[in-house]
Amino acid sequence: MPFEALPDRWPLVYSSGMQILLGKHIILGVSGGIAAYKAAELVRRLRDAGATVRVVMTTGAQAFVTPLTFQALSGNPVHTALLDPAAEAGMGHIELARWADLVLIAPASANLISRLAQGRGDDLLATICLATEAPIALAPSMNRVMWADAATQSNIEILQTRGMHRFGPAEGPQACGEVGEGRMMAVSELVERSAGLFLHQRLAGRRVTITAGPTREAIDPVRYLSNRSSGRMGFAMAEAAREAGATVTLIAGPVHLPTPPGVERIDVVSAAEMLAAVQSGIAMTDIFIAAAAVADYRPVRVAKDKIKKSDATLSLEMARTEDILATVASRAERPFCVGFAAETHDLADYARDKLERKQLDMVAANDVSQPGIGFDSEDNALLVLWRGGEKHLARARKTELARHLITLISERLSSR
Ligand code: CTP
């Protein structure tokens, strides 16, 4: 078997001793660009990794490489035409769309990206993209100026918002003689990233509810009490859970962040609203992640009119808000509960105490006394604790940490 000869620089393909791509059905879409010749090597490598590959070529692609090349390499007929009576009787666009576990388009030209962004069904490849429920990944390849063009950037953003994955492009010398961002990502990396898509579908079929951001507790019609939470960690968790195949509901306090692709978002303002939103869907939830910095206290009375200044001091009477996480964790039929703990000292002790006191399944603790991480920043570092174990996740972007945390959650969930 050819796989045994594969180098160990493909850790994802061989993750946990498993051949992630073994038996997977991959449609390799090839559009018109000079990198089409590299797609030939890609077919080989995907097959080496155990995948079955069917190649779909656009008209432009056929100007660079012949279908015969791909037929020989893939061991399957190559598909080129949407309205081909012979193909429709055998494997037409709907059958191909259903057959695929992944549609990988490499190279993805500027023109193809534009057609997909418009949702066109004007050739076989574009129609398959409309008709498939499989994940779609694009490996853009084009001249650096074409890649940087506002139209291309807006088109690729639209596609990512719709849930398509983007692999690359890479930087370096280009076929046109220029140097910059626009080269197709290296074949070995494309195989890795494709494997990664399957590896990370660990929460497929799971429902995840996540709270994020601060809450605002009204004092009067124009004033409120709140905190500096940006919501980034919770939003990153929502994106990572979605990437892992979960159905995600994100309950967000007031933040300035775009909704991650494919995530249902419910906007709330106060702790009471957040609790109500959480409770309305909690019976359906498998995993509850409380990443919000919920206000612990709210003013007992909210003034109907704006409070006028008068005395030198002003006292507000405050009452405790309900602890959303503890409320969820105390349910008889409860989801897997993950809490966050922001501490300035004795991180591990306080976090373990929180785990026990709120009866959680996992706590992710961060030291907010360190500059540049935690609240209101892009980076974080976490100490993750559960009963019987812990793991330190070193400083990284919140998006990256979120992926690690989702992996830990899925591992704990499956060992429960
Ligand atoms: N939390 C919640 N509802 C609240 C308060 C907190 O769901 N009303 C959740 C947070 O989303 C977070 C965890 O509980 O996951 C934080 O626990 P908490 O005990 O509130 O943390 P601190 O306020 O930092 O704790 P302490 O006051 O004990 O330092």
# chains A, B, ... in the order shown; residues from 1 in each chain; ligands from 1
>>> residues_around(residues="A:His345", least_positions_apart="2", cutoff="8 Å", atoms="only C-alpha atoms", output="ChimeraX atom specification")
/A:343,347,367,369
>>> residues_near_ligand(ligand="ligand 1", cutoff="6 Å", atoms="only C-alpha atoms and all ligand atoms", output="count of residues only")
16
>>> residues_around(residues="stretch 172-182 of chain A", least_positions_apart="5", cutoff="8 Å", atoms="only C-alpha atoms", output="list in words")
Ile34, Pro140, Ser141, Met142, Asn143, Arg144 and Trp147 of chain A
>>> write_last_selection(atoms="N, CA and C atoms", output="short mmCIF file (atom, residue, chain, number, x, y, z; two decimals), in the first residue's frame")
data_model
loop_
_atom_site.label_atom_id
_atom_site.label_comp_id
_atom_site.auth_asym_id
_atom_site.auth_seq_id
_atom_site.Cartn_x
_atom_site.Cartn_y
_atom_site.Cartn_z
N ILE A 34 -2.63 28.46 -14.17
CA ILE A 34 -1.41 27.71 -14.41
C ILE A 34 -1.17 26.65 -13.34
N PRO A 140 -7.35 29.28 -3.53
CA PRO A 140 -7.21 30.31 -4.55
C PRO A 140 -5.82 30.32 -5.16
N SER A 141 -5.78 30.67 -6.44
CA SER A 141 -4.49 30.77 -7.13
C SER A 141 -4.64 31.79 -8.24
N MET A 142 -3.86 32.84 -8.15
CA MET A 142 -3.93 33.89 -9.18
C MET A 142 -2.81 34.90 -8.96
N ASN A 143 -2.67 35.78 -9.89
CA ASN A 143 -1.71 36.87 -9.79
C ASN A 143 -1.99 37.70 -8.52
N ARG A 144 -0.95 38.22 -7.89
CA ARG A 144 -1.11 38.86 -6.58
C ARG A 144 -2.03 40.07 -6.63
N TRP A 147 -5.56 38.86 -6.75
CA TRP A 147 -5.98 38.40 -5.42
C TRP A 147 -6.32 39.58 -4.52
#
>>> residues_around(residues="A:Ala303", least_positions_apart="6", cutoff="12 Å", atoms="only C-alpha atoms", output="list in words")
Glu217, Ala218, Ile219, Asp220, Pro221, Val222, Arg223, Tyr224, Leu316 and Glu317 of chain A
>>> closest_atom_pairs(of="stretch 132-170 of chain A", to="stretch 104-110 of chain A", cutoff="10 Å", atoms="only C-alpha atoms", output="CSV")
residue,atom,partner,partner_atom,distance
A:Pro135,CA,A:Leu104,CA,8.4
A:Ile136,CA,A:Leu104,CA,5.9
A:Ala137,CA,A:Leu104,CA,4.8
A:Leu138,CA,A:Ile105,CA,4.9
A:Ala139,CA,A:Ala106,CA,4.9
A:Pro140,CA,A:Ala108,CA,4.4
A:Ser141,CA,A:Pro107,CA,5.5
A:Met142,CA,A:Ser109,CA,6.2
A:Asn143,CA,A:Ala110,CA,9.2
A:Met146,CA,A:Ala110,CA,7.2
A:Trp147,CA,A:Ala110,CA,7.3
A:Asp149,CA,A:Ala110,CA,9.7
A:Ala151,CA,A:Ala110,CA,9.2
A:Thr152,CA,A:Ala110,CA,6.4
A:Gln153,CA,A:Ala110,CA,9.6
A:Asn155,CA,A:Ala110,CA,8.9
A:Ile156,CA,A:Ala110,CA,9.1
A:His165,CA,A:Leu104,CA,9.2
A:Arg166,CA,A:Ile105,CA,9.7
A:Phe167,CA,A:Ala106,CA,9.2
A:Pro169,CA,A:Pro107,CA,9.6
>>> atom_distance(atom1="atom CA of A:Ala238", atom2="atom CA of A:Ala402")
8.4 Å
